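One file, start-v3.pdb, is given below (PDB, C-alpha atoms).
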```pdb
ATOM      1  CA  MET A   1       7.408   1.049  19.350
ATOM      2  CA  ALA A   2       6.117   4.466  20.445
ATOM      3  CA  TYR A   3       5.133   6.815  17.622
ATOM      4  CA  GLU A   4       4.143  10.488  17.595
ATOM      5  CA  THR A   5       2.781  11.056  14.070
ATOM      6  CA  ILE A   6       1.136   7.693  13.423
ATOM      7  CA  ILE A   7      -0.863   5.138  15.395
ATOM      8  CA  ALA A   8       0.091   1.471  14.954
ATOM      9  CA  GLN A   9      -2.328  -1.174  16.230
ATOM     10  CA  THR A  10      -2.597  -4.942  15.955
ATOM     11  CA  LEU A  11      -6.274  -5.815  15.507
ATOM     12  CA  ASP A  12      -8.205  -9.052  15.729
ATOM     13  CA  GLY A  13      -8.136 -11.165  12.596
ATOM     14  CA  HIS A  14      -4.375 -10.855  11.987
ATOM     15  CA  VAL A  15      -4.607  -7.241  10.785
ATOM     16  CA  GLY A  16      -2.073  -4.529  11.570
ATOM     17  CA  ARG A  17      -3.365  -0.999  11.123
ATOM     18  CA  VAL A  18      -1.374   2.204  10.659
ATOM     19  CA  THR A  19      -3.236   5.492  11.050
ATOM     20  CA  LEU A  20      -1.496   8.592   9.698
ATOM     21  CA  ASN A  21      -2.090  10.954  12.603
ATOM     22  CA  ARG A  22      -1.278  14.492  11.517
ATOM     23  CA  ALA A  23      -4.925  15.442  11.059
ATOM     24  CA  GLU A  24      -4.251  19.142  11.640
ATOM     25  CA  ALA A  25      -1.953  19.078   8.585
ATOM     26  CA  MET A  26      -4.183  16.752   6.515
ATOM     27  CA  ASN A  27      -1.673  13.963   7.198
ATOM     28  CA  THR A  28       0.979  15.493   4.973
ATOM     29  CA  PHE A  29       4.318  13.706   5.130
ATOM     30  CA  SER A  30       6.759  15.283   7.553
ATOM     31  CA  SER A  31      10.205  13.739   7.831
ATOM     32  CA  GLN A  32       9.164  12.247  11.151
ATOM     33  CA  MET A  33       5.963  10.739   9.770
ATOM     34  CA  ALA A  34       7.814   9.245   6.802
ATOM     35  CA  GLU A  35      10.330   7.624   9.147
ATOM     36  CA  GLU A  36       7.658   6.373  11.527
ATOM     37  CA  LEU A  37       5.526   4.918   8.720
ATOM     38  CA  TYR A  38       8.588   3.114   7.376
ATOM     39  CA  ASP A  39       9.429   1.745  10.824
ATOM     40  CA  ALA A  40       5.842   0.633  11.478
ATOM     41  CA  LEU A  41       5.681  -1.229   8.171
ATOM     42  CA  LYS A  42       8.944  -2.990   9.007
ATOM     43  CA  GLU A  43       7.673  -3.828  12.483
ATOM     44  CA  PHE A  44       4.439  -5.329  11.149
ATOM     45  CA  GLU A  45       6.363  -7.237   8.479
ATOM     46  CA  SER A  46       8.370  -8.960  11.195
ATOM     47  CA  ASP A  47       5.277  -9.749  13.312
ATOM     48  CA  SER A  48       4.161 -13.325  12.583
ATOM     49  CA  ASP A  49       0.652 -12.526  13.865
ATOM     50  CA  VAL A  50       0.097  -9.819  11.220
ATOM     51  CA  ARG A  51      -0.978 -11.119   7.823
ATOM     52  CA  VAL A  52      -2.395  -7.912   6.308
ATOM     53  CA  ILE A  53      -1.541  -4.241   6.889
ATOM     54  CA  LEU A  54      -4.161  -1.488   6.593
ATOM     55  CA  ILE A  55      -3.145   2.175   6.155
ATOM     56  CA  LYS A  56      -5.655   4.959   6.826
ATOM     57  CA  GLY A  57      -5.644   8.647   7.706
ATOM     58  CA  ALA A  58      -7.057  10.477  10.719
ATOM     59  CA  GLY A  59      -9.339  13.468  10.314
ATOM     60  CA  ARG A  60     -10.768  14.665   7.022
ATOM     61  CA  ALA A  61      -8.091  13.416   4.613
ATOM     62  CA  PHE A  62      -6.070  10.314   3.838
ATOM     63  CA  CYS A  63      -2.879  12.217   2.973
ATOM     64  CA  ALA A  64      -2.475  15.558   1.192
ATOM     65  CA  GLY A  65       1.134  15.021   0.109
ATOM     66  CA  ILE A  66       4.400  16.312   1.572
ATOM     67  CA  ASP A  67       4.575  19.073   4.190
ATOM     68  CA  VAL A  68       5.852  22.071   2.214
ATOM     69  CA  ASN A  69       6.983  23.704   5.464
ATOM     70  CA  GLU A  70      10.053  21.447   5.205
ATOM     71  CA  LEU A  71      11.036  22.771   1.777
ATOM     72  CA  LYS A  72      13.024  25.813   2.803
ATOM     73  CA  GLY A  73      16.767  26.177   3.237
ATOM     74  CA  LYS A  74      18.199  22.931   1.898
ATOM     75  CA  THR A  75      21.078  22.205  -0.448
ATOM     76  CA  THR A  76      20.601  19.919  -3.450
ATOM     77  CA  ASN A  77      22.126  17.016  -1.520
ATOM     78  CA  GLN A  78      19.853  17.703   1.435
ATOM     79  CA  TYR A  79      16.804  17.816  -0.856
ATOM     80  CA  ARG A  80      17.865  14.460  -2.326
ATOM     81  CA  GLU A  81      18.177  12.854   1.102
ATOM     82  CA  TRP A  82      14.901  14.443   2.203
ATOM     83  CA  ILE A  83      12.845  13.238  -0.759
ATOM     84  CA  GLU A  84      14.356   9.756  -0.585
ATOM     85  CA  LYS A  85      13.139   9.576   3.019
ATOM     86  CA  MET A  86       9.639  10.643   1.928
ATOM     87  CA  GLU A  87       9.461   7.979  -0.781
ATOM     88  CA  ALA A  88      11.053   5.175   1.278
ATOM     89  CA  PRO A  89       7.703   3.763   2.543
ATOM     90  CA  LEU A  90       6.405   3.575  -1.049
ATOM     91  CA  VAL A  91       9.468   1.618  -2.149
ATOM     92  CA  LEU A  92       9.365  -0.619   0.919
ATOM     93  CA  MET A  93       5.811  -1.840   0.289
ATOM     94  CA  SER A  94       6.829  -3.531  -2.960
ATOM     95  CA  LYS A  95       9.642  -5.376  -1.143
ATOM     96  CA  MET A  96       7.486  -6.637   1.709
ATOM     97  CA  GLN A  97       5.764 -10.022   1.680
ATOM     98  CA  THR A  98       2.830  -8.816   3.781
ATOM     99  CA  PRO A  99       0.079  -7.265   1.634
ATOM    100  CA  VAL A 100      -0.792  -3.613   2.267
ATOM    101  CA  ILE A 101      -4.275  -2.151   1.791
ATOM    102  CA  ALA A 102      -4.852   1.614   1.604
ATOM    103  CA  GLN A 103      -8.093   2.814   3.194
ATOM    104  CA  VAL A 104      -8.694   6.160   1.491
ATOM    105  CA  HIS A 105     -11.042   9.040   2.264
ATOM    106  CA  GLY A 106     -11.114  12.762   1.574
ATOM    107  CA  ALA A 107      -7.991  13.932  -0.240
ATOM    108  CA  ALA A 108      -5.143  11.765  -1.490
ATOM    109  CA  ALA A 109      -2.856  14.223  -3.201
ATOM    110  CA  ALA A 110       0.743  14.154  -4.460
ATOM    111  CA  ASN A 111       2.652  11.708  -2.242
ATOM    112  CA  GLY A 112      -0.704  10.676  -0.781
ATOM    113  CA  MET A 113      -1.806   9.501  -4.217
ATOM    114  CA  GLY A 114       1.563   7.790  -4.574
ATOM    115  CA  LEU A 115       0.942   5.977  -1.302
ATOM    116  CA  VAL A 116      -2.413   4.728  -2.590
ATOM    117  CA  ALA A 117      -0.873   3.558  -5.856
ATOM    118  CA  ALA A 118       2.087   1.909  -4.121
ATOM    119  CA  SER A 119      -0.185  -0.072  -1.806
ATOM    120  CA  ASP A 120      -1.051  -3.538  -3.064
ATOM    121  CA  LEU A 121      -4.793  -2.889  -2.831
ATOM    122  CA  ALA A 122      -6.984   0.128  -2.106
ATOM    123  CA  ILE A 123     -10.529   0.684  -0.886
ATOM    124  CA  ALA A 124     -11.905   4.222  -0.974
ATOM    125  CA  ALA A 125     -14.833   6.278   0.204
ATOM    126  CA  ASP A 126     -17.100   7.754  -2.424
ATOM    127  CA  ASN A 127     -15.979  11.275  -1.420
ATOM    128  CA  VAL A 128     -12.346  10.730  -2.415
ATOM    129  CA  LYS A 129     -10.477  13.148  -4.643
ATOM    130  CA  MET A 130      -6.921  12.375  -5.675
ATOM    131  CA  GLY A 131      -4.275  13.817  -7.934
ATOM    132  CA  LEU A 132      -0.598  14.544  -8.553
ATOM    133  CA  THR A 133      -1.066  18.174  -7.598
ATOM    134  CA  ALA A 134       2.482  19.487  -6.969
ATOM    135  CA  ILE A 135       2.719  20.938 -10.491
ATOM    136  CA  ASN A 136       0.209  23.580  -9.363
ATOM    137  CA  VAL A 137       2.747  25.128  -6.954
ATOM    138  CA  GLY A 138       5.774  24.973  -9.256
ATOM    139  CA  LEU A 139       6.962  21.530  -8.173
ATOM    140  CA  ASN A 140       6.138  18.099  -9.565
ATOM    141  CA  CYS A 141       5.269  14.563  -8.460
ATOM    142  CA  VAL A 142       7.958  12.624 -10.311
ATOM    143  CA  GLY A 143       8.307  10.228  -7.359
ATOM    144  CA  PRO A 144       4.614   9.443  -6.787
ATOM    145  CA  VAL A 145       3.982   9.115 -10.531
ATOM    146  CA  ILE A 146       6.113   5.945 -10.597
ATOM    147  CA  PRO A 147       3.557   3.714  -8.813
ATOM    148  CA  VAL A 148       0.708   5.686 -10.381
ATOM    149  CA  ALA A 149       2.019   4.934 -13.899
ATOM    150  CA  ARG A 150       2.185   1.222 -13.077
ATOM    151  CA  CYS A 151      -1.519   1.387 -12.284
ATOM    152  CA  VAL A 152      -2.856   3.612 -15.070
ATOM    153  CA  GLY A 153      -0.327   3.520 -17.944
ATOM    154  CA  GLN A 154       1.877   6.147 -19.539
ATOM    155  CA  LYS A 155      -0.589   8.543 -21.192
ATOM    156  CA  LYS A 156      -2.892   8.963 -18.195
ATOM    157  CA  ALA A 157       0.046   9.128 -15.778
ATOM    158  CA  LEU A 158       1.588  11.980 -17.763
ATOM    159  CA  GLU A 159      -1.739  13.795 -17.850
ATOM    160  CA  LEU A 160      -2.053  13.508 -14.077
ATOM    161  CA  LEU A 161       1.591  14.543 -13.593
ATOM    162  CA  LEU A 162       1.546  17.561 -15.925
ATOM    163  CA  TYR A 163      -1.928  18.981 -15.297
ATOM    164  CA  GLY A 164      -2.236  18.269 -11.560
ATOM    165  CA  GLU A 165      -5.999  17.837 -11.708
ATOM    166  CA  LEU A 166      -7.971  15.994  -9.041
ATOM    167  CA  ILE A 167     -10.022  12.956 -10.036
ATOM    168  CA  LYS A 168     -13.008  11.503  -8.187
ATOM    169  CA  ALA A 169     -13.493   8.027  -6.756
ATOM    170  CA  ASP A 170     -15.339   6.643  -9.791
ATOM    171  CA  GLN A 171     -12.554   7.827 -12.106
ATOM    172  CA  ALA A 172      -9.858   6.361  -9.834
ATOM    173  CA  LEU A 173     -11.754   3.056  -9.838
ATOM    174  CA  ALA A 174     -12.008   3.019 -13.630
ATOM    175  CA  LEU A 175      -8.292   3.763 -13.974
ATOM    176  CA  GLY A 176      -7.279   0.932 -11.652
ATOM    177  CA  LEU A 177      -5.908   3.155  -8.882
ATOM    178  CA  ILE A 178      -8.353   1.700  -6.366
ATOM    179  CA  ASN A 179     -10.174  -1.631  -6.144
ATOM    180  CA  ARG A 180     -13.409  -0.744  -4.374
ATOM    181  CA  VAL A 181     -15.583   2.289  -3.591
ATOM    182  CA  VAL A 182     -17.958   2.364  -0.623
ATOM    183  CA  PRO A 183     -20.044   5.073   1.101
ATOM    184  CA  ARG A 184     -17.952   7.216   3.455
ATOM    185  CA  GLU A 185     -19.920   6.093   6.510
ATOM    186  CA  ASP A 186     -19.178   2.435   5.693
ATOM    187  CA  LEU A 187     -15.462   2.783   4.950
ATOM    188  CA  ASP A 188     -13.967   1.768   8.306
ATOM    189  CA  GLU A 189     -16.105  -1.356   8.599
ATOM    190  CA  ALA A 190     -15.730  -2.340   4.936
ATOM    191  CA  ALA A 191     -11.939  -1.859   4.891
ATOM    192  CA  LEU A 192     -11.409  -3.892   8.049
ATOM    193  CA  ALA A 193     -13.700  -6.671   6.820
ATOM    194  CA  TRP A 194     -11.828  -6.785   3.495
ATOM    195  CA  ALA A 195      -8.481  -6.959   5.290
ATOM    196  CA  ARG A 196      -9.713  -9.747   7.550
ATOM    197  CA  ASP A 197     -11.008 -11.707   4.550
ATOM    198  CA  LEU A 198      -7.547 -11.572   2.987
ATOM    199  CA  ALA A 199      -5.945 -12.580   6.285
ATOM    200  CA  LYS A 200      -7.974 -15.822   6.202
ATOM    201  CA  LYS A 201      -6.139 -16.982   3.079
ATOM    202  CA  SER A 202      -3.004 -19.099   3.335
ATOM    203  CA  PRO A 203      -0.361 -16.634   4.616
ATOM    204  CA  LEU A 204       2.356 -18.576   2.833
ATOM    205  CA  ALA A 205       0.507 -18.577  -0.492
ATOM    206  CA  VAL A 206      -0.216 -14.854  -0.182
ATOM    207  CA  LYS A 207       3.415 -13.998   0.619
ATOM    208  CA  ILE A 208       4.767 -16.084  -2.252
ATOM    209  CA  ALA A 209       2.185 -14.620  -4.643
ATOM    210  CA  LYS A 210       2.995 -11.020  -3.741
ATOM    211  CA  SER A 211       6.761 -11.516  -3.770
ATOM    212  CA  ALA A 212       6.711 -13.326  -7.102
ATOM    213  CA  PHE A 213       4.431 -10.695  -8.649
ATOM    214  CA  TYR A 214       6.755  -7.799  -7.829
ATOM    215  CA  ALA A 215       9.972  -9.695  -8.537
ATOM    216  CA  SER A 216       8.866 -10.762 -12.010
ATOM    217  CA  ARG A 217       6.788  -7.861 -13.309
ATOM    218  CA  ASP A 218       9.597  -6.302 -15.371
ATOM    219  CA  MET A 219      10.851  -9.596 -16.822
ATOM    220  CA  PRO A 220      10.367 -10.599 -20.458
ATOM    221  CA  TYR A 221       7.142 -12.532 -21.036
ATOM    222  CA  GLU A 222       8.604 -16.035 -21.267
ATOM    223  CA  ALA A 223      11.051 -15.446 -18.403
ATOM    224  CA  GLN A 224       8.200 -14.270 -16.216
ATOM    225  CA  PHE A 225       6.334 -17.527 -16.809
ATOM    226  CA  ALA A 226       9.457 -19.502 -15.885
ATOM    227  CA  TYR A 227       9.859 -17.490 -12.677
ATOM    228  CA  MET A 228       6.190 -17.839 -11.725
ATOM    229  CA  ASN A 229       6.149 -21.560 -12.490
ATOM    230  CA  GLU A 230       9.114 -22.072 -10.169
ATOM    231  CA  ALA A 231       7.335 -20.084  -7.421
ATOM    232  CA  PHE A 232       4.203 -22.203  -7.873
ATOM    233  CA  ALA A 233       6.173 -25.456  -7.790
ATOM    234  CA  ARG A 234       7.835 -24.427  -4.512
ATOM    235  CA  LEU A 235       4.439 -23.551  -3.038
ATOM    236  CA  CYS A 236       2.935 -26.910  -4.052
ATOM    237  CA  ASP A 237       5.562 -28.697  -1.963
ATOM    238  CA  THR A 238       4.622 -26.881   1.276
ATOM    239  CA  SER A 239       2.559 -28.298   4.124
ATOM    240  CA  ASP A 240       0.047 -25.477   3.860
ATOM    241  CA  ALA A 241      -0.632 -26.159   0.189
ATOM    242  CA  LYS A 242      -1.344 -29.789   1.018
ATOM    243  CA  GLU A 243      -3.502 -28.706   3.976
ATOM    244  CA  GLY A 244      -5.495 -26.320   1.797
ATOM    245  CA  VAL A 245      -6.281 -28.985  -0.789
ATOM    246  CA  ALA A 246      -7.141 -31.539   1.912
ATOM    247  CA  ALA A 247      -9.466 -29.056   3.642
ATOM    248  CA  PHE A 248     -11.191 -28.356   0.331
ATOM    249  CA  PHE A 249     -11.963 -32.037  -0.246
ATOM    250  CA  GLU A 250     -12.917 -32.606   3.383
ATOM    251  CA  LYS A 251     -15.183 -29.536   3.371
ATOM    252  CA  ARG A 252     -13.617 -27.951   6.478
ATOM    253  CA  PRO A 253     -11.723 -24.734   7.253
ATOM    254  CA  PRO A 254      -7.964 -25.084   6.710
ATOM    255  CA  VAL A 255      -5.535 -24.762   9.594
ATOM    256  CA  TRP A 256      -2.501 -22.827   8.378
ATOM    257  CA  GLN A 257       0.930 -23.636   9.810
ATOM    258  CA  GLU A 258       2.870 -21.243   7.532
ATOM    259  CA  LYS A 259       5.276 -23.974   6.415
TER     260      LYS A 259
END
```

Please rewrite the model in this file as structure tokens.
Amino acid sequence: MAYETIIAQTLDGHVGRVTLNRAEAMNTFSSQMAEELYDALKEFESDSDVRVILIKGAGRAFCAGIDVNELKGKTTNQYREWIEKMEAPLVLMSKMQTPVIAQVHGAAAANGMGLVAASDLAIAADNVKMGLTAINVGLNCVGPVIPVARCVGQKKALELLLYGELIKADQALALGLINRVVPREDLDEAALAWARDLAKKSPLAVKIAKSAFYASRDMPYEAQFAYMNEAFARLCDTSDAKEGVAAFFEKRPPVWQEK
């Protein structure tokens, strides 16, 4: 598909990459960019050659939130439809089987921080600053705080939501918002290498693991075990599971058939 506010590329190593491409606006979400990001994620999800999706931002920021130029002149119903469109990519990522990695640099504010938190994994440059900053202009980040709270817990999520302060990369790492921090000049290479490493794993095992994780996370403790055990049993009966074990014993790389 042709896009105007993002760049979607299929890279070597079974990686699909989406670049948020509104650099002049610090990659803030416009309605068009939200729709195009959603469509690109769906397109990559349906591409059998793509095993991992990487999301990055062009220019000096990952994503500075929602474009406030779109705020004016809406009714309550129009605001509801508008914000649902902005949050749709964040919701979609939890429903997809393909893992999504956020590659973060510069600012990740408001819905940008939500996008980082909603991604399955995140790698960030050491110059990152992120926060739920909308409270500082009389709004709030009640949408983005949902994935943020699942990463950091209630007390810290409320602090971020109500105070709107920016935190640095080391703080985000300690809170569990990101997985890795690397020097800014190494970010592109490190993020792509990390994505390619994940793409080498059994695609079927990865998809089942991600789907089962999100489907069961709100279940009672014992019910979650029952759900996960069923998912594991189904995986054990696949050709790829048998291939992976055989390759381990035969000391050779596995050949995945995704069945």

Would you kindly translate the PyMOL selection byres ((chain A and resi 170) around 12) into the concrete residues it picks from this file, as a ChimeraX atom specification?
-> /A:123-130,166-169,171-183

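Taking all atoms listed in the file into account, Val104 of chain A lies nearest to A:Arg60 out of the set A:Lys201, A:Lys242, A:Arg80, A:Arg60.
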
Please write as a PyMOL selection string the full residue list that the PyMOL selection byres ((chain A and resi 38) around 12) yields on this file.
-> chain A and resi 3+5-6+8+18+20+29+31-37+39-45+55+84-93+96+115

Atoms to include: C-alpha atoms. Write the selected residues as a short mmCIF file (atom, residue, chain, number, x, y, z; two decimals), in the coordinates of the input.
```cif
data_model
loop_
_atom_site.label_atom_id
_atom_site.label_comp_id
_atom_site.auth_asym_id
_atom_site.auth_seq_id
_atom_site.Cartn_x
_atom_site.Cartn_y
_atom_site.Cartn_z
CA TYR A 3 5.13 6.82 17.62
CA THR A 5 2.78 11.06 14.07
CA ILE A 6 1.14 7.69 13.42
CA ALA A 8 0.09 1.47 14.95
CA VAL A 18 -1.37 2.20 10.66
CA LEU A 20 -1.50 8.59 9.70
CA PHE A 29 4.32 13.71 5.13
CA SER A 31 10.20 13.74 7.83
CA GLN A 32 9.16 12.25 11.15
CA MET A 33 5.96 10.74 9.77
CA ALA A 34 7.81 9.24 6.80
CA GLU A 35 10.33 7.62 9.15
CA GLU A 36 7.66 6.37 11.53
CA LEU A 37 5.53 4.92 8.72
CA ASP A 39 9.43 1.74 10.82
CA ALA A 40 5.84 0.63 11.48
CA LEU A 41 5.68 -1.23 8.17
CA LYS A 42 8.94 -2.99 9.01
CA GLU A 43 7.67 -3.83 12.48
CA PHE A 44 4.44 -5.33 11.15
CA GLU A 45 6.36 -7.24 8.48
CA ILE A 55 -3.14 2.17 6.16
CA GLU A 84 14.36 9.76 -0.58
CA LYS A 85 13.14 9.58 3.02
CA MET A 86 9.64 10.64 1.93
CA GLU A 87 9.46 7.98 -0.78
CA ALA A 88 11.05 5.18 1.28
CA PRO A 89 7.70 3.76 2.54
CA LEU A 90 6.40 3.58 -1.05
CA VAL A 91 9.47 1.62 -2.15
CA LEU A 92 9.36 -0.62 0.92
CA MET A 93 5.81 -1.84 0.29
CA MET A 96 7.49 -6.64 1.71
CA LEU A 115 0.94 5.98 -1.30
#
```

Which residues come within 10 Å of Ile146 of chain A, counting only C-alpha atoms, excluding same-chain residues fewer than 4 positions away, as number ranges by chain?
-> A: 90, 114, 117-118, 141-142, 150-151, 154, 157

Name all residues at most 6 Å from Val52 of chain A (count only C-alpha atoms; drop same-chain ones fewer than 6 positions away) and give them as a VMD selection string.
-> chain A and resid 15 98 to 99 199

Could you please take those selected residues and save C-alpha atoms as an mmCIF file, in the frame of the given file?
```cif
data_model
loop_
_atom_site.group_PDB
_atom_site.id
_atom_site.type_symbol
_atom_site.label_atom_id
_atom_site.label_comp_id
_atom_site.auth_asym_id
_atom_site.auth_seq_id
_atom_site.Cartn_x
_atom_site.Cartn_y
_atom_site.Cartn_z
ATOM 1 C CA VAL A 15 -4.607 -7.241 10.785
ATOM 2 C CA THR A 98 2.830 -8.816 3.781
ATOM 3 C CA PRO A 99 0.079 -7.265 1.634
ATOM 4 C CA ALA A 199 -5.945 -12.580 6.285
#
```

For the structure provided, state which residues fall under the PyMOL selection byres ((chain A and resi 160) around 10), and present them as an NGL selection string.
-> :A and (130-133 or 135 or 141 or 145 or 148-149 or 152 or 154-159 or 161-167)

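The space separating atom CA of Lys251 of chain A from atom CA of Ser239 of chain A comes to 17.8 Å.
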
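Atom pair atom CA of Ser202 of chain A / atom CA of Lys56 of chain A has a distance of 24.5 Å (rounded to one decimal).
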
Distance query Ala191 of chain A at most 9 Å, all atoms listed in the file, self and fewer than 5 positions along chain excluded, as a count of residues only | 9

What is the distance between atom CA of His105 of chain A and atom CA of Leu187 of chain A, in Å to one decimal?
-> 8.1 Å

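Residues surrounding Glu230 of chain A within 12 Å are A:Ile208, A:Ala209, A:Ala212, A:Ser216, A:Ala223, A:Gln224, A:Phe225, A:Leu235, A:Cys236, A:Asp237 [all atoms listed in the file; sequence separation below 5 positions excluded].
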
Shell around segment 63-76 of chain A at 7 Å using all atoms listed in the file, local window under 5 positions removed, as a list in words = Met26, Asn27, Thr28, Phe29, Ser30, Gly57, Ala107, Ala108, Ala109, Ala110, Asn111 and Gly112 of chain A
